[in-house]
>>> print(open('structure.txt').read())   # compact mmCIF, C-alpha atoms and all ligand atoms
# COMPACT_ATOMS: atom_id res chain seq x y z
CA MET A 1085 0.00 0.00 0.00
CA GLU A 1086 1.22 3.53 -0.78
CA PRO A 1087 2.42 5.19 2.46
CA HIS A 1088 0.06 8.16 2.11
CA GLU A 1089 -2.87 5.79 1.48
CA LYS A 1090 -2.01 3.92 4.70
CA ILE A 1091 -1.93 7.19 6.66
CA TYR A 1092 -5.19 8.28 5.07
CA ASN A 1093 -6.90 5.01 6.10
CA GLU A 1094 -5.64 5.32 9.67
CA CYS A 1095 -6.63 8.96 9.84
CA VAL A 1096 -10.16 8.01 8.73
CA GLU A 1097 -10.31 5.32 11.40
CA LEU A 1098 -9.22 7.77 14.14
CA MET A 1099 -11.67 10.36 12.90
CA GLU A 1100 -14.50 7.83 12.94
CA ILE A 1101 -13.75 6.80 16.52
CA ALA A 1102 -13.42 10.43 17.62
CA THR A 1103 -16.78 11.28 16.04
CA LEU A 1104 -18.49 8.30 17.68
CA ALA A 1105 -16.87 9.01 21.05
CA ASN A 1106 -18.50 12.39 21.70
CA ASP A 1107 -20.42 15.29 20.22
CA VAL A 1108 -17.65 17.87 20.05
CA PHE A 1109 -15.32 16.46 17.41
CA ILE A 1110 -17.22 17.67 14.33
CA ASP A 1111 -18.11 20.85 16.17
CA ASN A 1112 -14.38 21.56 16.70
CA ALA A 1113 -13.70 20.80 13.04
CA ILE A 1114 -16.30 23.35 11.94
CA LYS A 1115 -15.07 25.95 14.43
CA GLY A 1116 -11.49 25.36 13.29
CA SER A 1117 -10.19 24.54 16.77
CA VAL A 1118 -6.84 22.88 16.00
CA LYS A 1119 -6.14 22.33 19.69
CA GLY A 1120 -9.54 20.73 20.31
CA MET A 1121 -9.07 18.41 17.33
CA ALA A 1122 -5.48 17.56 18.24
CA ASP A 1123 -6.39 16.73 21.86
CA GLU A 1124 -9.25 14.50 20.79
CA LEU A 1125 -7.22 12.69 18.11
CA TYR A 1126 -4.32 12.18 20.50
CA GLU A 1127 -6.69 10.68 23.05
CA VAL A 1128 -8.00 8.22 20.46
CA TYR A 1129 -4.53 7.58 19.04
CA SER A 1130 -2.74 6.93 22.31
CA LYS A 1131 -5.36 5.30 24.45
CA ALA A 1132 -6.91 2.82 22.05
CA LYS A 1133 -10.26 4.44 22.79
CA GLY A 1134 -11.80 2.59 19.86
CA LEU A 1135 -11.48 -0.69 21.74
CA ARG A 1136 -13.93 0.58 24.34
CA ILE A 1137 -16.25 2.18 21.89
CA LYS A 1138 -16.40 -0.60 19.35
CA GLY A 1139 -15.88 -3.67 21.52
CA SER A 1140 -17.91 -5.22 24.32
CA GLU A 1141 -17.66 -3.75 27.80
CA GLU A 1142 -17.37 -7.20 29.45
CA LYS A 1143 -14.44 -8.23 27.29
CA PHE A 1144 -12.78 -4.90 27.92
CA ARG A 1145 -13.12 -5.37 31.66
CA ALA A 1146 -11.76 -8.94 31.59
CA ASP A 1147 -8.83 -7.87 29.41
CA THR A 1148 -7.80 -5.01 31.67
CA ILE A 1149 -7.73 -7.27 34.74
CA GLN A 1150 -5.77 -9.98 32.92
CA TYR A 1151 -3.34 -7.46 31.54
CA ASN A 1152 -2.76 -5.88 34.93
CA ASN A 1153 -1.85 -9.29 36.35
CA GLU A 1154 0.62 -9.76 33.51
CA LEU A 1155 2.18 -6.38 34.30
CA ILE A 1156 2.59 -7.34 37.96
CA THR A 1157 4.54 -10.44 36.89
CA ALA A 1158 6.56 -8.56 34.27
CA LYS A 1159 7.63 -5.90 36.77
CA LYS A 1160 8.75 -8.61 39.22
CA ILE A 1161 10.82 -10.32 36.51
CA VAL A 1162 12.59 -7.09 35.59
CA GLU A 1163 13.23 -6.09 39.19
CA ALA A 1164 14.58 -9.49 40.14
CA ARG A 1165 16.98 -9.76 37.22
CA ALA A 1166 18.23 -6.21 36.76
CA PRO A 1167 20.57 -6.30 39.83
CA TYR A 1168 22.64 -9.07 38.18
CA TYR A 1169 23.49 -6.64 35.41
CA SER A 1170 23.61 -3.57 37.60
CA GLU A 1171 26.57 -1.97 35.82
CA PHE A 1172 24.78 -2.22 32.55
CA ILE A 1173 21.05 -2.16 33.09
CA TYR A 1174 18.99 0.06 35.28
CA THR A 1175 15.29 0.25 36.01
CA LYS A 1176 13.17 2.94 37.57
CA ASP A 1177 9.49 3.68 37.57
CA ASP A 1178 7.96 7.09 37.37
CA ASP A 1179 5.07 8.71 35.47
CA HIS A 1180 3.28 5.33 35.30
CA TRP A 1181 5.97 3.56 33.29
CA VAL A 1182 8.60 0.99 34.24
CA HIS A 1183 11.74 2.17 32.43
CA VAL A 1184 14.53 -0.22 31.53
CA ALA A 1185 17.71 1.21 30.01
CA PHE A 1186 20.89 -0.50 28.85
CA ASP A 1187 24.36 0.88 29.28
CA LYS A 1188 23.43 3.64 31.68
CA ASN A 1189 26.86 5.28 31.34
CA ASN A 1190 26.37 5.76 27.69
CA TYR A 1191 23.06 7.64 27.46
CA LYS A 1192 22.11 8.88 24.01
CA PRO A 1193 18.93 10.76 23.06
CA ALA A 1194 16.34 8.67 21.26
CA SER A 1195 15.72 9.35 17.60
CA PHE A 1196 13.86 6.16 16.66
CA ARG A 1197 11.12 4.21 18.36
CA LEU A 1198 9.52 0.80 18.09
CA TYR A 1199 5.98 0.24 19.35
CA LEU A 1200 5.24 -3.33 20.43
CA ASN A 1201 1.65 -4.52 20.67
CA ILE A 1202 2.24 -7.70 22.66
CA LYS A 1203 -0.72 -10.04 23.24
CA ILE A 1204 -2.19 -9.45 26.69
CA PHE A 1205 -1.96 -13.11 27.73
CA LYS A 1206 1.65 -13.35 26.55
CA PHE A 1207 2.99 -10.16 28.06
CA ALA A 1208 4.94 -11.55 31.04
CA TYR A 1209 6.07 -14.50 28.90
CA PHE A 1210 7.45 -12.06 26.34
CA ILE A 1211 9.31 -10.00 28.96
CA ARG A 1212 10.88 -13.14 30.47
CA ASN A 1213 12.08 -14.46 27.10
CA PHE A 1214 13.11 -11.11 25.75
CA TRP A 1215 15.21 -10.49 28.84
CA VAL A 1216 17.17 -13.67 28.28
CA LYS A 1217 17.55 -12.76 24.64
CA ILE A 1218 18.91 -9.26 25.13
CA THR A 1219 21.44 -10.33 27.70
CA ASN A 1220 22.63 -13.33 25.71
CA TYR A 1221 22.12 -12.57 22.09
CA ILE A 1222 21.60 -9.30 20.22
CA SER A 1223 21.67 -9.23 16.42
CA CYS A 1224 24.43 -6.76 15.65
CA PRO A 1225 23.98 -4.53 12.56
CA CYS A 1226 27.15 -6.19 11.19
CA GLY A 1227 25.26 -9.49 11.04
CA GLY A 1228 27.15 -10.91 14.02
CA LYS A 1229 25.92 -11.78 17.49
CA ALA A 1230 26.48 -9.69 20.61
CA LYS A 1231 26.29 -10.90 24.21
CA TYR A 1232 26.56 -9.51 27.73
CA GLU A 1233 30.09 -10.16 29.01
CA SER A 1234 30.04 -10.01 32.79
CA TYR A 1235 33.81 -9.41 33.18
CA GLU A 1236 33.59 -6.35 30.88
CA LYS A 1237 30.11 -5.39 32.09
CA LYS A 1238 29.20 -4.66 28.49
CA VAL A 1239 27.40 -6.19 25.56
CA ILE A 1240 30.03 -6.94 22.95
CA CYS A 1241 29.67 -8.16 19.38
CA LYS A 1242 31.79 -11.26 18.81
CA THR A 1243 32.28 -10.39 15.14
CA CYS A 1244 32.93 -6.63 14.87
CA LYS A 1245 33.67 -5.93 18.58
CA LYS A 1246 31.03 -3.17 18.72
CA ASP A 1247 30.49 -2.49 22.41
CA ASP A 1248 28.34 0.64 22.51
CA PHE A 1249 24.88 -0.86 22.16
CA TYR A 1250 22.31 1.40 23.64
CA PHE A 1251 18.59 1.14 23.87
CA ALA A 1252 15.80 1.64 26.36
CA PHE A 1253 12.25 0.42 26.74
CA LYS A 1254 9.29 1.06 28.97
CA PHE A 1255 6.00 -0.61 29.88
CA HIS A 1256 3.16 0.34 32.19
CA VAL A 1257 3.41 0.20 35.96
CA PRO A 1258 0.60 -2.11 37.11
CA LEU A 1259 -2.24 -0.63 39.13
CA PRO A 1260 -2.98 -1.79 42.68
CA LYS A 1261 -5.35 -4.77 42.42
CA THR A 1262 -8.17 -2.82 44.04
CA GLU A 1263 -8.08 -0.34 41.19
CA THR A 1264 -7.93 -2.71 38.25
CA TYR A 1265 -11.14 -1.47 36.76
CA ARG A 1266 -11.70 2.18 36.12
CA GLY A 1267 -11.60 4.59 33.22
CA ALA A 1268 -7.84 5.03 33.34
CA MET A 1269 -7.40 1.34 32.55
CA SER A 1270 -8.11 2.07 28.90
CA GLU A 1271 -4.52 3.27 28.81
CA LEU A 1272 -3.43 -0.26 29.48
CA LEU A 1273 -4.90 -1.52 26.23
CA ARG A 1274 -2.96 0.85 24.04
CA HIS A 1275 -1.37 -0.58 20.91
CA ASP A 1276 2.01 0.49 22.27
CA LYS A 1277 2.27 -1.87 25.23
CA ILE A 1278 6.04 -1.55 25.09
CA VAL A 1279 7.86 1.43 23.62
CA MET A 1280 11.56 1.02 22.71
CA TYR A 1281 13.94 3.90 22.05
CA PHE A 1282 17.09 3.93 19.95
CA PRO A 1283 19.71 6.57 19.19
CA ASP A 1284 20.27 5.37 15.63
CA GLU A 1285 18.37 3.67 12.86
CA GLU A 1286 20.76 0.71 12.65
CA SER A 1287 20.10 -0.27 16.28
CA ALA A 1288 16.35 0.05 15.74
CA LYS A 1289 16.50 -2.15 12.67
CA ALA A 1290 18.70 -4.72 14.40
CA MET A 1291 16.13 -4.94 17.20
CA ALA A 1292 13.27 -5.12 14.69
CA ARG A 1293 14.99 -8.11 13.09
CA THR A 1294 15.42 -9.73 16.53
CA LEU A 1295 11.74 -9.16 17.32
CA LYS A 1296 10.65 -10.94 14.15
CA GLU A 1297 11.38 -14.18 16.01
CA TYR A 1298 8.60 -13.26 18.46
CA GLN A 1299 6.00 -12.37 15.85
CA ASN A 1300 3.49 -14.93 17.16
CA LEU A 1301 3.38 -13.04 20.50
CA PHE A 1302 2.13 -9.84 18.83
CA GLU A 1303 -1.44 -8.64 18.38
CA PRO A 1304 -1.87 -7.98 14.67
CA LYS A 1305 -3.02 -4.38 15.24
CA THR A 1306 -0.12 -1.91 14.84
CA MET A 1307 0.05 1.49 16.52
CA PRO A 1308 -1.68 3.84 14.05
CA LEU A 1309 0.35 6.31 11.97
CA THR A 1310 3.59 4.36 12.44
CA GLY A 1311 5.52 2.33 9.90
CA GLU A 1312 4.52 -1.33 10.09
CA ILE A 1313 7.47 -3.74 10.19
CA PHE A 1314 5.08 -6.61 10.73
CA PRO A 1315 1.52 -6.54 12.13
CA GLY A 1316 1.84 -5.38 15.74
CA LEU A 1317 5.33 -3.86 15.45
CA GLY A 1318 5.34 -0.15 14.56
CA PHE A 1319 8.29 2.10 13.86
CA ALA A 1320 8.47 5.89 14.21
CA ILE A 1321 11.01 8.65 13.82
CA GLU A 1322 11.17 11.65 16.14
CA PRO A 1323 10.06 14.99 14.67
CA THR A 1324 13.04 17.07 13.43
CA ALA A 1325 14.35 20.04 15.43
CA GLU A 1326 12.54 22.43 13.04
CA GLU A 1327 9.28 20.50 13.38
CA LYS A 1328 9.60 20.58 17.16
CA GLU A 1329 10.26 24.33 17.16
CA GLU A 1330 7.23 24.95 14.99
CA TYR A 1331 5.09 22.79 17.28
CA ILE A 1332 6.27 24.54 20.47
CA ALA A 1333 5.70 27.97 18.91
CA ALA A 1334 2.13 27.01 17.95
CA THR A 1335 1.11 25.23 21.15
CA GLY A 1336 3.38 26.47 23.94
CA ASP A 1337 3.77 22.81 24.87
CA GLU A 1338 7.43 21.85 25.34
CA GLN A 1339 6.72 18.11 25.38
CA VAL A 1340 6.76 17.20 21.70
CA SER A 1341 6.15 13.50 21.35
CA PHE A 1342 5.75 11.82 17.99
CA GLY A 1343 2.08 11.12 18.77
CA ALA A 1344 1.29 14.68 19.82
CA TYR A 1345 3.01 16.06 16.74
CA ILE A 1346 1.22 13.81 14.30
CA SER A 1347 -2.19 14.28 16.00
CA ARG A 1348 -1.90 18.03 15.57
CA LEU A 1349 -0.95 17.69 11.92
CA MET A 1350 -3.97 15.41 11.36
CA GLY A 1351 -6.24 17.89 13.14
CA GLU A 1352 -5.05 20.69 10.85
CA LEU A 1353 -5.69 18.63 7.72
CA ILE A 1354 -9.17 17.53 8.81
CA ILE A 1355 -10.09 21.17 9.53
CA LYS A 1356 -8.87 22.17 6.05
CA ALA A 1357 -10.90 19.38 4.48
CA VAL A 1358 -13.99 20.53 6.38
CA GLN A 1359 -13.42 24.18 5.43
CA ASN A 1360 -13.36 23.22 1.76
CA LYS A 1361 -16.96 21.91 2.15
CA ARG A 1362 -17.97 24.23 4.92
CA VAL A 1363 -21.54 25.01 3.78
CA GLN A 1364 -22.57 21.37 3.29
CA VAL A 1365 -20.85 20.19 6.48
CA GLU A 1366 -22.47 22.90 8.62
CA LEU A 1367 -25.91 22.23 7.20
CA THR A 1368 -25.57 18.48 7.70
CA TYR A 1369 -24.41 18.98 11.29
CA LYS A 1370 -27.26 21.41 12.04
CA ASN A 1371 -29.88 19.04 10.63
CA TRP A 1372 -28.43 16.13 12.61
CA LYS A 1373 -28.51 18.11 15.86
CA ALA A 1374 -32.12 19.12 15.25
CA LYS A 1375 -33.14 15.54 14.54
CA TYR A 1376 -31.13 13.91 17.36
CA PRO A 1377 -30.88 16.41 20.21
CA GLU A 1378 -28.86 15.61 23.32
CA ARG A 1379 -31.28 14.65 26.05
CA MET A 1380 -31.15 13.23 29.54
CA GLY A 1381 -31.86 9.53 29.67
CA LYS A 1382 -30.35 8.48 26.35
CA THR A 1383 -28.18 5.39 26.69
CA ASP A 1384 -24.59 5.30 25.41
CA ALA A 1385 -25.70 2.78 22.79
CA GLU A 1386 -28.42 5.12 21.49
CA ARG A 1387 -26.07 8.05 21.28
CA TYR A 1388 -23.45 5.88 19.59
CA LYS A 1389 -26.02 4.94 16.93
CA GLU A 1390 -26.96 8.57 16.40
CA ARG A 1391 -23.35 9.63 16.04
CA THR A 1392 -22.81 6.80 13.53
CA ILE A 1393 -25.50 8.45 11.40
CA LEU A 1394 -23.65 11.78 11.72
CA TYR A 1395 -20.36 10.19 10.72
CA ASN A 1396 -21.91 8.48 7.72
CA HIS A 1397 -23.31 11.80 6.47
CA ILE A 1398 -20.27 14.00 7.13
CA TYR A 1399 -17.49 11.68 6.06
CA PRO A 1400 -18.37 11.37 2.32
CA LEU A 1401 -18.38 15.18 2.09
CA ILE A 1402 -14.74 15.49 3.12
CA ALA A 1403 -13.14 12.18 2.11
CA ASP A 1404 -11.69 13.26 -1.26
CA ASN A 1405 -10.39 16.52 0.15
CA LEU A 1406 -8.73 14.81 3.06
CA ARG A 1407 -7.08 12.19 0.88
CA ALA A 1408 -5.64 14.89 -1.41
CA LEU A 1409 -4.46 17.00 1.54
CA ILE A 1410 -2.62 14.07 3.13
CA ALA A 1411 -0.99 13.07 -0.18
CA GLY A 1412 0.16 16.67 -0.80
CA GLU A 1413 1.33 17.57 2.72
CA VAL A 1414 5.03 18.48 2.58
CA ARG A 1415 5.56 17.79 6.29
CA PHE A 1416 4.68 14.14 5.56
CA LYS A 1417 7.22 13.82 2.76
CA ARG A 1418 10.09 12.68 5.00
CA TYR A 1419 7.72 10.39 6.81
CA PHE A 1420 6.49 8.77 3.57
CA ASP A 1421 10.09 8.15 2.50
CA GLU A 1422 10.78 6.48 5.82
CA LEU A 1423 7.71 4.26 5.52
CA ALA A 1424 8.73 3.16 2.04
CA GLU A 1425 12.16 2.25 3.43
CA LEU A 1426 10.47 0.22 6.17
CA GLU A 1427 8.43 -1.72 3.69
CA ARG A 1428 11.69 -2.79 2.12
CA LEU A 1429 12.98 -3.81 5.55
CA ALA A 1430 9.86 -5.83 6.31
CA ALA A 1431 9.83 -7.60 2.94
ZN ZN A 1501 28.90 -6.62 15.03
>>> encode(input="structure.txt", output="structure tokens")
Amino acid sequence: MEPHEKIYNECVELMEIATLANDVFIDNAIKGSVKGMADELYEVYSKAKGLRIKGSEEKFRADTIQYNNELITAKKIVEARAPYYSEFIYTKDDDHWVHVAFDKNNYKPASFRLYLNIKIFKFAYFIRNFWVKITNYISCPCGGKAKYESYEKKVICKTCKKDDFYFAFKFHVPLPKTETYRGAMSELLRHDKIVMYFPDEESAKAMARTLKEYQNLFEPKTMPLTGEIFPGLGFAIEPTAEEKEEYIAATGDEQVSFGAYISRLMGELIIKAVQNKRVQVELTYKNWKAKYPERMGKTDAERYKERTILYNHIYPLIADNLRALIAGEVRFKRYFDELAELERLAA
């Protein structure tokens, strides 16, 4: 699939979920509120909101509890093993994530990320096996194998002698068992159950190749708007310094994550697409509101059905515009090139 077509499809999916989730999404699009759109899209993008909206509530509840139990086990595994590699590996938890970093004396800023959507029931199993793997066998970019050498307290490639491997990953801190069901749990079902960070593309690709051996432990759904190495494993590049500057100037928000950046860009493009059909979109929205007013006593299921009708009327008005805007967006150019490169890697 053409990279811009993939992004267009994912953008449509996010937009659909955002429209079904509440009444303000289309309203923000008509008003031209970039911030409102970006916040809503980011929420859908990062918290797998669609799983709640489109799936069954019972399954969602069971999954969150199961997943939390897996996280409890995974955290224990990491905490029990890290001390054996204390010169090389460190763990800490803060801001709801368990962070694991390798070669703590050699910190490098992350430029590349992998997003792992590990199956809920296999999460602790993955962490246990992956841990053994990374301490015993890393695929070096040279094609050789690298291993943790306890006397050197380093991972060293047997073939090329590279000894500056660096990467980090994080996964969610489990919730106390008494809190395993509440709204915030939707975060736990994100498509990025593990996020890995790399300073260079070669390291990221070497890890991607290593992870191919675990493909059967991945959910087939990849984090949206990332490059897909295989179903469930997404790849992203950090925004450039210029892109970050532009984002900070526009939002005042110093925390520029890949997700926040791309959500804002999507929001801008959807607003443009709506503006191009402003009269029809406004009329359609007005008619819908008159026919299906918000009232006390409506169930979520009723409102969901009504918003589906709204989506089905609005979307065809803007689809062609949106597709053309995404294909022509210069800020996506670098991103498209990267995705094409990834397709070659995955092949
Ligand atoms: Zn090597």
>>> atom_distance(input="structure.txt", atom1="CA of Pro1304 (chain A)", atom2="CA of Lys1389 (chain A)")
27.5 Å
>>> residues_near_ligand(input="structure.txt", ligand="ligand ZN 1501 (chain A)", cutoff="7 Å", atoms="all atoms listed in the file", output="JSON, numbers by chain")
{"A": [1224, 1225, 1226, 1227, 1228, 1229, 1230, 1241, 1242, 1243, 1244, 1245, 1246]}
>>> atom_distance(input="structure.txt", atom1="CA of Ala1185 (chain A)", atom2="CA of Val1340 (chain A)")
21.1 Å
>>> atom_distance(input="structure.txt", atom1="CA of Glu1097 (chain A)", atom2="CA of Glu1124 (chain A)")
13.2 Å
>>> residues_around(input="structure.txt", residues="region 1360-1363 of chain A", least_positions_apart="5", cutoff="12 Å", atoms="all atoms listed in the file", output="PyMOL selection string")
chain A and resi 1110-1111+1113-1116+1353-1355+1368-1370+1398-1406+1408-1409
>>> closest_residue(input="structure.txt", among="A:Phe1420, A:Phe1207, A:Phe1255, A:Phe1282", to="Gln1150 (chain A)", atoms="only C-alpha atoms")
A:Phe1207
>>> residues_around(input="structure.txt", residues="Met1291 (chain A)", least_positions_apart="2", cutoff="12 Å", atoms="all atoms listed in the file", output="number ranges by chain")
A: 1196-1200, 1214, 1217-1218, 1221-1225, 1227, 1229-1230, 1249-1253, 1280-1282, 1284-1289, 1293-1298, 1313, 1317, 1319
>>> residues_near_point(input="structure.txt", point="(-22.9, 14.3, 12.6)", cutoff="10 Å", atoms="only C-alpha atoms", output="PyMOL selection string")
chain A and resi 1103-1104+1107-1111+1365-1366+1368-1373+1376+1390-1399
>>> closest_residue(input="structure.txt", among="A:Thr1306, A:Gln1364, A:Thr1383, A:Thr1335", to="Ala1122 (chain A)", atoms="only C-alpha atoms")
A:Thr1335
>>> closest_residue(input="structure.txt", among="A:Glu1312, A:Arg1407, A:Tyr1129, A:Arg1387", to="Phe1342 (chain A)", atoms="all atoms listed in the file")
A:Tyr1129
>>> closest_residue(input="structure.txt", among="A:Tyr1235, A:Val1184, A:His1256, A:Phe1210", to="Ile1156 (chain A)", atoms="all atoms listed in the file")
A:His1256
>>> closest_residue(input="structure.txt", among="A:Lys1237, A:Arg1145, A:Lys1328, A:Lys1176", to="Val1257 (chain A)", atoms="only C-alpha atoms")
A:Lys1176
>>> closest_residue(input="structure.txt", among="A:Leu1098, A:Tyr1232, A:Asn1300, A:Ile1410", to="Ala1357 (chain A)", atoms="only C-alpha atoms")
A:Ile1410
